[in-house]
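Structure data (TSV, C-alpha atoms) from target-v6.tsv:
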chain	number	residue	atom	x	y	z
A	1	ASN	CA	-32.15	57.09	119.08
A	2	VAL	CA	-31.87	59.58	121.92
A	3	ASN	CA	-33.76	62.86	121.57
A	4	GLY	CA	-30.72	65.12	121.69
A	5	SER	CA	-32.80	68.30	121.42
A	6	ARG	CA	-33.54	68.07	125.15
A	7	MET	CA	-29.91	67.75	126.19
A	8	GLN	CA	-28.41	70.70	128.07
A	9	LYS	CA	-24.82	71.87	127.68
A	10	GLY	CA	-22.82	71.53	130.89
A	11	VAL	CA	-25.32	69.00	132.24
A	12	HIS	CA	-25.51	66.24	129.65
A	13	TYR	CA	-22.51	67.17	127.51
A	14	ASP	CA	-19.66	69.66	127.25
A	15	GLU	CA	-18.34	69.68	123.66
A	16	THR	CA	-19.73	68.41	120.38
A	17	TYR	CA	-17.03	69.06	117.75
A	18	ALA	CA	-15.61	66.02	115.95
A	19	PRO	CA	-13.05	66.36	113.13
A	20	VAL	CA	-13.30	64.77	109.70
A	21	ALA	CA	-10.62	64.34	107.04
A	22	LEU	CA	-9.86	67.37	104.89
A	23	TRP	CA	-10.76	67.20	101.21
A	24	ASN	CA	-7.19	68.36	100.56
A	25	SER	CA	-5.89	65.23	102.29
A	26	ILE	CA	-8.30	62.93	100.46
A	27	ARG	CA	-7.31	64.15	97.00
A	28	LEU	CA	-3.64	64.28	97.94
A	29	ILE	CA	-3.70	60.65	99.13
A	30	LEU	CA	-5.49	59.54	95.94
A	31	THR	CA	-2.92	61.40	93.83
A	32	LEU	CA	-0.03	59.75	95.68
A	33	THR	CA	-1.78	56.40	95.26
A	34	ALA	CA	-1.92	56.93	91.50
A	35	ILE	CA	1.74	58.03	91.36
A	36	SER	CA	3.13	55.17	93.43
A	37	GLY	CA	0.71	52.41	92.40
A	38	TRP	CA	-0.29	51.82	96.02
A	39	HIS	CA	-3.01	49.39	97.02
A	40	THR	CA	-6.19	50.71	98.62
A	41	LYS	CA	-8.76	49.23	100.97
A	42	GLN	CA	-11.99	50.82	102.12
A	43	ILE	CA	-13.39	49.91	105.53
A	44	ASP	CA	-16.51	50.83	107.47
A	45	TYR	CA	-17.30	50.57	111.17
A	46	VAL	CA	-20.55	48.68	111.82
A	47	SER	CA	-22.91	50.75	114.01
A	48	ALA	CA	-19.96	53.00	114.76
A	49	TYR	CA	-21.20	55.31	117.52
A	50	PRO	CA	-22.50	52.58	119.91
A	51	GLN	CA	-19.10	50.89	119.81
A	52	ALA	CA	-17.91	53.62	122.18
A	53	PRO	CA	-19.03	53.85	125.83
A	54	VAL	CA	-20.87	56.92	127.08
A	55	GLU	CA	-18.84	59.93	128.13
A	56	ARG	CA	-20.75	60.42	131.40
A	57	GLU	CA	-23.66	58.92	133.34
A	58	LEU	CA	-26.84	59.47	131.33
A	59	TYR	CA	-30.48	58.39	131.60
A	60	MET	CA	-33.43	58.61	129.26
A	61	LYS	CA	-37.18	58.06	129.46
A	62	ILE	CA	-38.45	54.67	128.40
A	63	PRO	CA	-39.40	55.03	124.71
A	64	ALA	CA	-42.93	54.45	123.51
A	65	GLY	CA	-43.73	50.80	122.83
A	66	PHE	CA	-41.74	49.44	125.79
A	67	GLU	CA	-43.45	48.47	129.01
A	68	VAL	CA	-42.12	47.60	132.48
A	69	PRO	CA	-44.26	44.72	133.80
A	70	GLY	CA	-46.17	45.72	136.92
A	71	HIS	CA	-44.99	49.33	136.84
A	72	SER	CA	-45.86	52.57	135.14
A	73	ARG	CA	-43.49	53.76	132.42
A	74	SER	CA	-43.20	57.10	134.21
A	75	GLU	CA	-41.64	55.37	137.27
A	76	TRP	CA	-38.64	54.02	135.38
A	77	VAL	CA	-35.80	55.35	133.25
A	78	LEU	CA	-33.17	53.68	131.13
A	79	GLY	CA	-29.46	54.01	131.87
A	80	ILE	CA	-27.40	54.60	128.73
A	81	ASP	CA	-24.27	52.45	128.58
A	82	LYS	CA	-23.29	52.99	124.95
A	83	ASN	CA	-22.79	56.09	122.85
A	84	VAL	CA	-26.12	55.78	121.05
A	85	TYR	CA	-27.10	57.90	118.05
A	86	GLY	CA	-28.99	61.12	118.69
A	87	GLN	CA	-26.82	62.54	121.46
A	88	LYS	CA	-25.32	65.93	120.70
A	89	GLN	CA	-21.83	64.72	121.60
A	90	SER	CA	-22.05	61.24	120.05
A	91	GLY	CA	-19.81	62.12	117.08
A	92	ARG	CA	-17.11	63.54	119.33
A	93	VAL	CA	-17.25	60.61	121.77
A	94	TRP	CA	-16.90	58.14	118.89
A	95	ASN	CA	-13.96	60.03	117.40
A	96	LYS	CA	-12.10	60.21	120.73
A	97	TYR	CA	-12.71	56.51	121.35
A	98	LEU	CA	-11.53	55.48	117.88
A	99	VAL	CA	-8.43	57.70	117.92
A	100	ASP	CA	-7.49	56.24	121.31
A	101	ARG	CA	-7.76	52.71	119.88
A	102	LEU	CA	-5.82	53.63	116.74
A	103	THR	CA	-2.93	55.28	118.55
A	104	ASN	CA	-2.66	53.26	121.77
A	105	GLU	CA	-3.65	49.75	120.66
A	106	VAL	CA	-3.18	49.52	116.89
A	107	GLY	CA	0.02	51.57	116.81
A	108	PHE	CA	-0.87	54.42	114.46
A	109	ALA	CA	0.75	57.85	114.75
A	110	GLN	CA	-1.66	60.75	114.34
A	111	SER	CA	-0.80	63.55	111.94
A	112	SER	CA	-0.12	66.94	113.51
A	113	ILE	CA	-1.65	68.68	110.47
A	114	ASP	CA	-4.83	66.69	109.81
A	115	GLU	CA	-6.38	65.07	112.89
A	116	CYS	CA	-7.93	62.33	110.73
A	117	LEU	CA	-4.71	61.24	109.03
A	118	PHE	CA	-2.63	58.43	110.58
A	119	TYR	CA	0.59	56.57	109.78
A	120	LYS	CA	1.79	53.08	110.64
A	121	GLY	CA	4.77	51.59	108.85
A	122	ASN	CA	4.06	51.92	105.14
A	123	VAL	CA	0.31	52.29	105.69
A	124	ILE	CA	-1.59	55.60	105.57
A	125	TYR	CA	-5.03	55.68	107.19
A	126	LEU	CA	-7.65	58.34	106.41
A	127	LEU	CA	-10.76	58.70	108.58
A	128	TYR	CA	-14.06	60.45	107.83
A	129	THR	CA	-16.37	59.75	110.80
A	130	ASP	CA	-16.86	55.99	110.27
A	131	ASP	CA	-15.73	55.66	106.64
A	132	SER	CA	-12.03	55.01	106.20
A	133	ILE	CA	-9.39	54.46	103.54
A	134	LEU	CA	-6.22	52.43	103.95
A	135	VAL	CA	-3.45	52.88	101.37
A	136	GLY	CA	0.01	51.37	101.13
A	137	PRO	CA	2.44	49.48	98.88
A	138	SER	CA	1.61	46.06	100.38
A	139	LYS	CA	-1.77	44.29	100.49
A	140	GLN	CA	-0.52	42.17	103.36
A	141	GLU	CA	0.12	45.24	105.49
A	142	LEU	CA	-3.39	46.54	104.79
A	143	ASP	CA	-4.89	43.16	105.76
A	144	GLN	CA	-2.80	43.14	108.92
A	145	VAL	CA	-4.11	46.57	109.92
A	146	VAL	CA	-7.70	45.31	109.58
A	147	MET	CA	-6.83	42.36	111.81
A	148	ASP	CA	-5.25	44.71	114.36
A	149	LEU	CA	-8.39	46.87	114.36
A	150	ARG	CA	-10.51	43.84	115.17
A	151	LYS	CA	-8.10	42.76	117.91
A	152	ALA	CA	-8.58	46.22	119.42
A	153	GLY	CA	-12.29	45.45	119.83
A	154	LEU	CA	-13.55	47.39	116.81
A	155	ASN	CA	-16.30	45.96	114.62
A	156	VAL	CA	-14.92	46.56	111.12
A	157	MET	CA	-16.39	45.65	107.74
A	158	GLU	CA	-14.05	45.38	104.73
A	159	GLU	CA	-15.43	46.87	101.51
A	160	GLY	CA	-12.58	45.96	99.18
A	161	ASP	CA	-10.75	48.33	96.87
A	162	ILE	CA	-11.96	51.90	97.06
A	163	GLN	CA	-14.89	52.48	94.68
A	164	ASP	CA	-17.42	54.74	96.40
A	165	PHE	CA	-16.21	57.05	99.14
A	166	LEU	CA	-18.47	59.72	100.70
A	167	GLY	CA	-20.83	59.52	97.73
A	168	ILE	CA	-18.04	59.89	95.17
A	169	ASN	CA	-17.57	57.17	92.56
A	170	ILE	CA	-13.87	56.39	92.19
A	171	GLU	CA	-12.66	54.42	89.18
A	172	LYS	CA	-9.06	53.41	88.58
A	173	GLY	CA	-7.89	53.24	84.99
A	174	SER	CA	-5.40	50.75	83.62
A	175	ASP	CA	-3.07	53.68	82.86
A	176	GLY	CA	-2.94	54.71	86.53
A	177	THR	CA	-5.48	57.51	86.33
A	178	ILE	CA	-8.26	57.94	88.86
A	179	GLN	CA	-11.67	59.26	87.82
A	180	MET	CA	-13.98	60.82	90.43
A	181	THR	CA	-17.66	61.48	89.68
A	182	GLN	CA	-20.88	62.15	91.61
A	183	PRO	CA	-23.74	61.17	89.26
A	184	GLN	CA	-26.10	60.19	92.10
A	185	LEU	CA	-25.84	63.63	93.68
A	186	ILE	CA	-26.34	65.35	90.32
A	187	ASN	CA	-29.47	63.25	89.70
A	188	SER	CA	-30.77	64.25	93.13
A	189	ILE	CA	-30.23	67.93	92.29
A	190	LEU	CA	-32.00	67.53	88.95
A	191	LYS	CA	-34.92	65.81	90.66
A	192	ASP	CA	-35.25	68.65	93.16
A	193	LEU	CA	-35.18	71.18	90.30
A	194	ARG	CA	-37.64	69.08	88.24
A	195	LEU	CA	-35.20	68.88	85.35
A	196	GLU	CA	-35.30	65.10	84.94
A	197	ASP	CA	-37.20	65.02	81.64
A	198	THR	CA	-35.20	64.08	78.57
A	199	ASN	CA	-36.52	67.09	76.63
A	200	VAL	CA	-34.96	69.61	79.04
A	201	THR	CA	-32.56	71.94	77.24
A	202	CYS	CA	-28.97	71.69	78.52
A	203	LYS	CA	-26.52	74.56	78.91
A	204	ASP	CA	-22.90	74.64	77.72
A	205	THR	CA	-21.63	76.84	80.57
A	206	PRO	CA	-22.30	76.81	84.36
A	207	ALA	CA	-23.68	80.37	84.26
A	208	ALA	CA	-24.52	83.30	82.02
A	209	THR	CA	-21.08	84.75	81.36
A	210	SER	CA	-22.37	88.29	80.81
A	211	ARG	CA	-24.15	88.71	84.15
A	212	ILE	CA	-23.05	89.07	87.77
A	213	LEU	CA	-25.54	88.10	90.46
A	214	ARG	CA	-26.44	90.84	92.95
A	215	ARG	CA	-29.21	91.35	95.46
A	216	HIS	CA	-31.68	92.20	92.66
A	217	GLU	CA	-34.10	93.79	95.09
A	218	GLU	CA	-36.15	95.02	92.12
A	219	SER	CA	-36.75	91.41	91.11
A	220	SER	CA	-39.76	89.47	92.41
A	221	LYS	CA	-39.43	87.18	95.42
A	222	PHE	CA	-38.50	83.56	94.75
A	223	ASP	CA	-41.71	81.53	94.44
A	224	GLY	CA	-40.37	78.61	96.49
A	225	SER	CA	-40.72	76.09	93.65
A	226	PHE	CA	-37.71	74.25	95.09
A	227	HIS	CA	-35.83	74.23	98.38
A	228	TYR	CA	-33.24	76.94	97.76
A	229	ARG	CA	-31.04	76.22	100.80
A	230	GLY	CA	-31.19	72.47	100.23
A	231	ILE	CA	-30.06	72.81	96.61
A	232	ILE	CA	-27.22	75.14	97.64
A	233	GLY	CA	-26.05	72.56	100.20
A	234	LYS	CA	-25.97	69.82	97.55
A	235	LEU	CA	-24.23	72.08	95.03
A	236	ASN	CA	-21.62	73.04	97.62
A	237	TYR	CA	-20.87	69.37	98.29
A	238	LEU	CA	-20.69	68.64	94.56
A	239	GLU	CA	-18.35	71.58	93.93
A	240	ARG	CA	-16.05	70.72	96.82
A	241	GLY	CA	-15.91	67.08	95.80
A	242	THR	CA	-15.38	66.81	92.06
A	243	ARG	CA	-16.64	69.88	90.19
A	244	PRO	CA	-14.44	72.97	90.47
A	245	ASP	CA	-16.02	74.21	87.24
A	246	ILE	CA	-19.13	75.35	89.13
A	247	ALA	CA	-17.28	76.93	92.08
A	248	TYR	CA	-17.82	80.54	90.98
A	249	ILE	CA	-21.56	80.45	90.31
A	250	VAL	CA	-22.35	78.22	93.30
A	251	HIS	CA	-20.65	80.71	95.60
A	252	GLN	CA	-22.57	83.51	93.90
A	253	CYS	CA	-25.94	81.80	94.45
A	254	ALA	CA	-25.07	80.82	98.03
A	255	ARG	CA	-24.69	84.48	99.02
A	256	PHE	CA	-28.44	85.09	98.68
A	257	THR	CA	-29.99	82.22	100.65
A	258	THR	CA	-31.54	84.63	103.18
A	259	ASP	CA	-33.50	86.54	100.54
A	260	PRO	CA	-33.53	84.70	97.21
A	261	ARG	CA	-35.08	86.40	94.20
A	262	THR	CA	-36.32	85.10	90.88
A	263	ASP	CA	-32.99	86.00	89.25
A	264	HIS	CA	-31.13	83.82	91.77
A	265	ALA	CA	-33.50	80.90	91.20
A	266	GLN	CA	-32.98	81.20	87.45
A	267	ALA	CA	-29.21	81.05	88.00
A	268	ILE	CA	-29.60	77.81	89.98
A	269	ARG	CA	-31.80	76.29	87.26
A	270	TRP	CA	-29.09	77.26	84.76
A	271	ILE	CA	-26.57	75.30	86.84
A	272	GLY	CA	-28.98	72.36	86.81
A	273	ARG	CA	-29.27	72.45	83.03
A	274	TYR	CA	-25.48	72.54	82.77
A	275	LEU	CA	-25.14	69.58	85.14
A	276	LYS	CA	-27.73	67.63	83.19
A	277	GLY	CA	-25.51	67.84	80.13
A	278	THR	CA	-22.39	66.90	82.11
A	279	ASN	CA	-23.90	64.29	84.44
A	280	ASP	CA	-21.15	61.76	83.81
A	281	LYS	CA	-18.31	64.28	84.03
A	282	GLY	CA	-16.06	64.73	87.03
A	283	MET	CA	-12.41	64.97	87.91
A	284	ILE	CA	-9.67	62.83	86.37
A	285	LEU	CA	-6.42	62.59	88.31
A	286	THR	CA	-3.59	62.02	85.85
A	287	PRO	CA	-0.44	62.59	87.90
A	288	ASP	CA	2.87	63.68	86.48
A	289	PRO	CA	5.60	62.80	89.04
A	290	LYS	CA	7.92	65.39	87.51
A	291	LYS	CA	5.70	68.23	88.68
A	292	GLY	CA	5.63	69.54	92.23
A	293	LEU	CA	3.16	71.91	93.83
A	294	GLU	CA	1.67	74.51	91.52
A	295	VAL	CA	-0.49	77.45	92.59
A	296	TYR	CA	-2.61	79.39	90.10
A	297	VAL	CA	-4.24	82.59	91.33
A	298	ASP	CA	-6.33	85.31	89.75
A	299	ALA	CA	-8.14	88.31	91.21
A	300	ASP	CA	-10.85	90.53	89.76
A	301	PHE	CA	-10.38	93.99	91.24
A	302	SER	CA	-13.76	95.46	92.22
A	303	GLY	CA	-15.40	93.27	89.61
A	304	ASN	CA	-18.59	93.09	91.65
A	305	TRP	CA	-19.14	96.87	91.54
A	306	CYS	CA	-22.68	98.05	90.83
A	307	LYS	CA	-23.55	101.74	90.91
A	308	GLN	CA	-27.22	101.03	91.61
A	309	GLU	CA	-26.30	99.08	94.76
A	310	SER	CA	-23.36	101.20	95.84
A	311	ALA	CA	-24.69	101.35	99.40
A	312	SER	CA	-23.84	97.65	99.77
A	313	LYS	CA	-20.22	96.97	100.73
A	314	ASP	CA	-20.34	93.69	98.81
A	315	THR	CA	-20.34	95.47	95.47
A	316	ALA	CA	-16.98	97.12	96.25
A	317	ARG	CA	-15.25	93.85	97.08
A	318	SER	CA	-12.89	92.10	94.73
A	319	ARG	CA	-13.12	88.42	93.92
A	320	HIS	CA	-10.27	85.97	93.76
A	321	GLY	CA	-9.99	82.39	92.63
A	322	TYR	CA	-7.19	79.88	92.98
A	323	ILE	CA	-6.36	76.26	92.37
A	324	VAL	CA	-3.56	74.27	94.01
A	325	MET	CA	-2.19	71.29	92.11
A	326	TYR	CA	0.24	68.53	93.00
A	327	ALA	CA	1.84	66.42	90.29
A	328	GLY	CA	-0.53	68.06	87.83
A	329	CYS	CA	-3.65	67.01	89.83
A	330	PRO	CA	-6.06	69.47	91.50
A	331	ILE	CA	-5.88	69.28	95.29
A	332	THR	CA	-7.93	72.28	96.38
A	333	TRP	CA	-9.59	75.32	94.84
A	334	LYS	CA	-11.86	78.22	95.72
A	335	SER	CA	-13.72	81.20	94.30
A	336	GLN	CA	-14.75	83.84	96.82
A	337	LEU	CA	-15.27	87.51	97.52
A	338	GLN	CA	-12.43	89.01	99.51
A	339	THR	CA	-13.32	89.96	103.08
A	340	GLU	CA	-11.47	93.28	102.86
A	341	ILE	CA	-11.92	96.00	100.24
A	342	ALA	CA	-8.83	96.27	98.04
A	343	LEU	CA	-7.80	99.75	96.92
A	344	SER	CA	-5.91	98.63	93.82
A	345	SER	CA	-5.52	95.68	91.50
A	346	THR	CA	-2.11	94.99	93.08
A	347	GLU	CA	-3.68	94.77	96.52
A	348	SER	CA	-6.40	92.41	95.29
A	349	GLU	CA	-3.74	90.17	93.72
A	350	TYR	CA	-1.72	90.17	96.95
A	351	THR	CA	-4.82	89.21	98.90
A	352	GLY	CA	-5.73	86.39	96.52
A	353	LEU	CA	-2.20	85.02	96.59
A	354	SER	CA	-2.14	85.18	100.38
A	355	TYR	CA	-5.33	83.11	100.65
A	356	ALA	CA	-3.98	80.55	98.17
A	357	LEU	CA	-0.67	80.12	99.96
A	358	ARG	CA	-2.46	79.52	103.25
A	359	GLU	CA	-3.85	76.38	101.61
A	360	VAL	CA	-0.43	75.39	100.25
A	361	ILE	CA	1.46	75.43	103.55
A	362	PRO	CA	-0.53	72.58	105.22
A	363	ILE	CA	-0.16	70.48	102.05
A	364	ILE	CA	3.62	70.98	102.15
A	365	GLN	CA	3.64	70.07	105.84
A	366	ILE	CA	1.69	66.85	105.19
A	367	LEU	CA	4.11	65.85	102.43
A	368	GLN	CA	7.07	66.54	104.70
A	369	GLU	CA	5.38	64.59	107.48
A	370	MET	CA	4.92	61.61	105.18
A	371	LYS	CA	8.61	61.64	104.31
A	372	GLU	CA	9.46	61.70	108.02
A	373	TYR	CA	7.34	58.56	108.50
A	374	GLY	CA	9.24	56.80	105.72
A	375	HIS	CA	6.98	57.28	102.71
A	376	SER	CA	8.74	57.83	99.39
A	377	ILE	CA	7.60	61.31	98.43
A	378	GLU	CA	9.58	62.92	95.63
A	379	ASP	CA	11.75	65.92	96.52
A	380	GLY	CA	9.90	67.79	93.78
A	381	MET	CA	7.30	68.59	96.42
A	382	ALA	CA	9.50	71.50	97.52
A	383	LYS	CA	9.27	73.11	94.10
A	384	VAL	CA	6.38	75.51	94.54
A	385	HIS	CA	5.45	77.43	91.42
A	386	CYS	CA	3.08	80.35	91.86
A	387	LYS	CA	1.47	81.97	88.86
A	388	VAL	CA	-0.73	85.05	88.81
A	389	PHE	CA	-2.70	85.33	85.61
A	390	GLU	CA	-2.38	89.10	85.30
A	391	ASP	CA	1.03	90.68	84.71
A	392	ASN	CA	1.09	92.38	88.10
A	393	SER	CA	4.60	93.09	89.36
A	394	GLY	CA	3.67	93.23	93.06
A	395	ALA	CA	1.93	89.86	93.19
A	396	LEU	CA	4.55	88.23	90.98
A	397	GLU	CA	7.28	89.45	93.29
A	398	MET	CA	5.47	87.85	96.22
A	399	ALA	CA	5.29	84.59	94.26
A	400	ARG	CA	9.04	84.70	93.59
A	401	LEU	CA	9.80	85.33	97.28
A	402	TYR	CA	7.63	82.39	98.34
A	403	LYS	CA	9.27	80.11	95.78
A	404	TYR	CA	12.70	81.17	97.06
A	405	ARG	CA	11.78	80.46	100.68
A	406	GLN	CA	10.60	76.96	99.77
A	407	ARG	CA	13.91	76.20	98.10
Target format structure tokens, applied to this file:
Amino acid sequence: NVNGSRMQKGVHYDETYAPVALWNSIRLILTLTAISGWHTKQIDYVSAYPQAPVERELYMKIPAGFEVPGHSRSEWVLGIDKNVYGQKQSGRVWNKYLVDRLTNEVGFAQSSIDECLFYKGNVIYLLYTDDSILVGPSKQELDQVVMDLRKAGLNVMEEGDIQDFLGINIEKGSDGTIQMTQPQLINSILKDLRLEDTNVTCKDTPAATSRILRRHEESSKFDGSFHYRGIIGKLNYLERGTRPDIAYIVHQCARFTTDPRTDHAQAIRWIGRYLKGTNDKGMILTPDPKKGLEVYVDADFSGNWCKQESASKDTARSRHGYIVMYAGCPITWKSQLQTEIALSSTESEYTGLSYALREVIPIIQILQEMKEYGHSIEDGMAKVHCKVFEDNSGALEMARLYKYRQR
């Protein structure tokens, strides 16, 4: 690998950003697969990054262990011909190279909503760096796409029907349901928290329902018995993948990574005990084709308020949560503090609904895009139902207006 830490922007590279597929798109595609009974195929690119050429002329020192006969190692350098791992821009170079092959040689059309979503005939292609999913009504078409990828000079390995994607176990039931779990990640979290023993007491809820986490400056400093940031990173990935039930408390704990206290560490251990008792649980997609898009929103006006910490703006912020469902299956969700301070419960509901609908619009656009490319998406996708859990006339009126516009 190249030591990318010594690379200088503007000299050795210009940009480093490379897109990956949205979780919204992944769950939406799986839901549509379950509804339509489509076939799936998972593929992987062998040594993906080096398949692309370098973006510009680059040289590196001869690595330790290699000798140039009759010369000193300091007199020679190596010219880099391929996009080897370790470069700061290697992910971006690979993505640009692959997208060029997909669109110009294989014949895919790139989505204008999700840069890692592609269409060709009846086939939908989803890309996450070098892991990919092909879905479509015909196995022959999926096989043909793999052949076309190889003809385009790409080294592709077929992995059969989708079973493990991005660390998520995916099981298809005989009744058309799809179950998504992440037991390996949960076991890793339990190992980091030292909660692997069978005699560890499990919890029935993700968090203590009677307590809201705050800065707790009066509490002692976290003793460092586990890597706080590392656990938060794993919990975030678990929550975004298959476990919306821990969204609230994970977001709460993540707010205090810069100065964790004993109270925050105890909250994380509580999550671990809850996960230990629900290790085999995940998300089950059971689609109902009669249902369209549904949006459920709730807001807790100034629910984070604490008189003792009134100097902190965070305590005056409201929290909202939402979940967006298609055909009865969860597509995306979130629990977060609002960035602005609401002055009334109506305002907090408006804000929460606004954030939720921002997630809905791209999903609608992807569904419309699929119909334009010839995929049989039910017209029920235009039926957007928004529900606010509190009987708040202002937010409900906004929901009605949005539903009317969609019709």
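Between Tyr248 (chain A) and the residues A:Gln8, A:Thr209, A:Ser344, A:Gln144, the shortest atom-to-atom distance, using only C-alpha atoms, involves A:Thr209.
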key: Å distance separating CA of Gln179 (chain A) from CA of Val123 (chain A), one decimal place   =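 Pair CA of Gln179 (chain A) / CA of Val123 (chain A) returns 22.6 Å.
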Using 8 Å as the limit and counting all atoms listed in the file, can you tabulate each residue of region 11-51 of chain A that touches region 330-333 of chain A, with its shortest atom-to-atom distance in Å and the two atoms involved, as JSON lines?
{"residue": "A:Trp23", "atom": "CA", "partner": "A:Thr332", "partner_atom": "CA", "distance": 7.6}
{"residue": "A:Asn24", "atom": "CA", "partner": "A:Ile331", "partner_atom": "CA", "distance": 5.5}
{"residue": "A:Arg27", "atom": "CA", "partner": "A:Ile331", "partner_atom": "CA", "distance": 5.6}
{"residue": "A:Leu28", "atom": "CA", "partner": "A:Ile331", "partner_atom": "CA", "distance": 6.1}
Interatomic distance (Å, one decimal) between CA of Leu98 (chain A) and CA of Tyr85 (chain A) = 15.8 Å
ask   = Which value, in Å to one decimal, gives the distance between CA of Ser36 (chain A) and CA of Val145 (chain A)?
value =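 Calculated distance between CA of Ser36 (chain A) and CA of Val145 (chain A) is 20.0 Å.
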task = Considering only C-alpha atoms, state which residue in the set A:Ile366, A:Val2, A:Ile361, A:Leu22 is at the smallest distance from Gly86 (chain A).
result =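 Residue with the minimum atom-to-atom distance to Gly86 (chain A): A:Val2.
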ask   = Of the candidates A:Thr31, A:Thr129, A:Thr181, A:Asn199, which one gets nearest to Ile168 (chain A) if we count only C-alpha atoms?
value = A:Thr181
Write out as a Markdown table a residue-level contact list of region 75-117 of chain A versus region 146-157 of chain A with cut-off 10 Å: for each qualifying residue the closest pair of atoms and the distance in Å to one decimal, counting all atoms listed in the file, rows sorted by chain and residue number upward.
| residue | atom | partner | partner_atom | distance |
| --- | --- | --- | --- | --- |
| A:Leu98 | CA | A:Leu154 | CA | 8.4 |
| A:Arg101 | CA | A:Ala152 | CA | 6.6 |
| A:Leu102 | CA | A:Leu149 | CA | 7.6 |
| A:Asn104 | CA | A:Ala152 | CA | 9.5 |
| A:Glu105 | CA | A:Ala152 | CA | 6.2 |
| A:Val106 | CA | A:Asp148 | CA | 5.8 |
| A:Gly107 | CA | A:Asp148 | CA | 9.0 |
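The smallest atom-to-atom distance between Asp288 (chain A) and any of A:His320, A:Gly176, A:Lys276, A:Glu158, using all atoms listed in the file, is found for A:Gly176.
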Residues near Lys191 (chain A), cut-off 10 Å, all atoms listed in the file, skip fewer than 5 positions along chain, as a ChimeraX atom specification = /A:185-186,196-197,226,272
Go ahead and write the residues just picked, C-alpha atoms, as a PDB file, in the coordinates of the input.
ATOM      1  CA  LEU A 185     -25.840  63.630  93.680  1.00  0.00           C
ATOM      2  CA  ILE A 186     -26.340  65.350  90.320  1.00  0.00           C
ATOM      3  CA  GLU A 196     -35.300  65.100  84.940  1.00  0.00           C
ATOM      4  CA  ASP A 197     -37.200  65.020  81.640  1.00  0.00           C
ATOM      5  CA  PHE A 226     -37.710  74.250  95.090  1.00  0.00           C
ATOM      6  CA  GLY A 272     -28.980  72.360  86.810  1.00  0.00           C
TER       7      GLY A 272
END
ask   = If we count all atoms listed in the file, what is near Ser90 (chain A) at a cut-off of 12 Å, once residues fewer than 3 positions away on the same chain are taken out, given as number ranges by chain?
value = A: 1-4, 7, 12-18, 48-56, 82-87, 93-97, 129
key: Nearby residues (all atoms listed in the file) at most 12 Å from Gln336 (chain A), same-chain spacing under 4 positions excluded, as a list in words   = Ala247, Tyr248, Ile249, Val250, His251, Gln252, Cys253, Ala254, Arg255, Val297, Asp298, Ala299, Asp300, Gly303, Asn304, Asp314, Arg317, Ser318, Arg319, His320, Gly321, Tyr322, Glu340, Thr351, Gly352, Tyr355 and Ala356 of chain A
What does the file look like for those residues with C-alpha atoms, as an mmCIF file, in the coordinates of the input?
data_model
loop_
_atom_site.group_PDB
_atom_site.id
_atom_site.type_symbol
_atom_site.label_atom_id
_atom_site.label_comp_id
_atom_site.auth_asym_id
_atom_site.auth_seq_id
_atom_site.Cartn_x
_atom_site.Cartn_y
_atom_site.Cartn_z
ATOM 1 C CA ALA A 247 -17.280 76.930 92.080
ATOM 2 C CA TYR A 248 -17.820 80.540 90.980
ATOM 3 C CA ILE A 249 -21.560 80.450 90.310
ATOM 4 C CA VAL A 250 -22.350 78.220 93.300
ATOM 5 C CA HIS A 251 -20.650 80.710 95.600
ATOM 6 C CA GLN A 252 -22.570 83.510 93.900
ATOM 7 C CA CYS A 253 -25.940 81.800 94.450
ATOM 8 C CA ALA A 254 -25.070 80.820 98.030
ATOM 9 C CA ARG A 255 -24.690 84.480 99.020
ATOM 10 C CA VAL A 297 -4.240 82.590 91.330
ATOM 11 C CA ASP A 298 -6.330 85.310 89.750
ATOM 12 C CA ALA A 299 -8.140 88.310 91.210
ATOM 13 C CA ASP A 300 -10.850 90.530 89.760
ATOM 14 C CA GLY A 303 -15.400 93.270 89.610
ATOM 15 C CA ASN A 304 -18.590 93.090 91.650
ATOM 16 C CA ASP A 314 -20.340 93.690 98.810
ATOM 17 C CA ARG A 317 -15.250 93.850 97.080
ATOM 18 C CA SER A 318 -12.890 92.100 94.730
ATOM 19 C CA ARG A 319 -13.120 88.420 93.920
ATOM 20 C CA HIS A 320 -10.270 85.970 93.760
ATOM 21 C CA GLY A 321 -9.990 82.390 92.630
ATOM 22 C CA TYR A 322 -7.190 79.880 92.980
ATOM 23 C CA GLU A 340 -11.470 93.280 102.860
ATOM 24 C CA THR A 351 -4.820 89.210 98.900
ATOM 25 C CA GLY A 352 -5.730 86.390 96.520
ATOM 26 C CA TYR A 355 -5.330 83.110 100.650
ATOM 27 C CA ALA A 356 -3.980 80.550 98.170
#
inquiry  = For a quick check of understanding, using all atoms listed in the file, which of A:Cys202, A:Ile178, A:Ile212, A:Ile29 has the smallest distance to Leu134 (chain A)?
reply    = A:Ile29
How big is the axis-aligned box, and where does its centre sit, when it encloses all atoms of region 8-13 of chain A listed in the file and has 6 Å added on every side, reported in Å to one decimal as AutoDock Vina command-line options?
--center_x -25.5 --center_y 69.1 --center_z 129.9 --size_x 17.9 --size_y 17.6 --size_z 16.7
Tell me which residues come within 6 Å of (-17.0, 59.0, 104.7), as a PDB file with C-alpha atoms, in the coordinates of the input, counting all atoms listed in the file in the file's coordinates.
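Here's the written file out.pdb:
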ATOM      1  CA  TYR A 128     -14.060  60.450 107.830  1.00  0.00           C
ATOM      2  CA  ASP A 131     -15.730  55.660 106.640  1.00  0.00           C
ATOM      3  CA  PHE A 165     -16.210  57.050  99.140  1.00  0.00           C
ATOM      4  CA  LEU A 166     -18.470  59.720 100.700  1.00  0.00           C
TER       5      LEU A 166
END
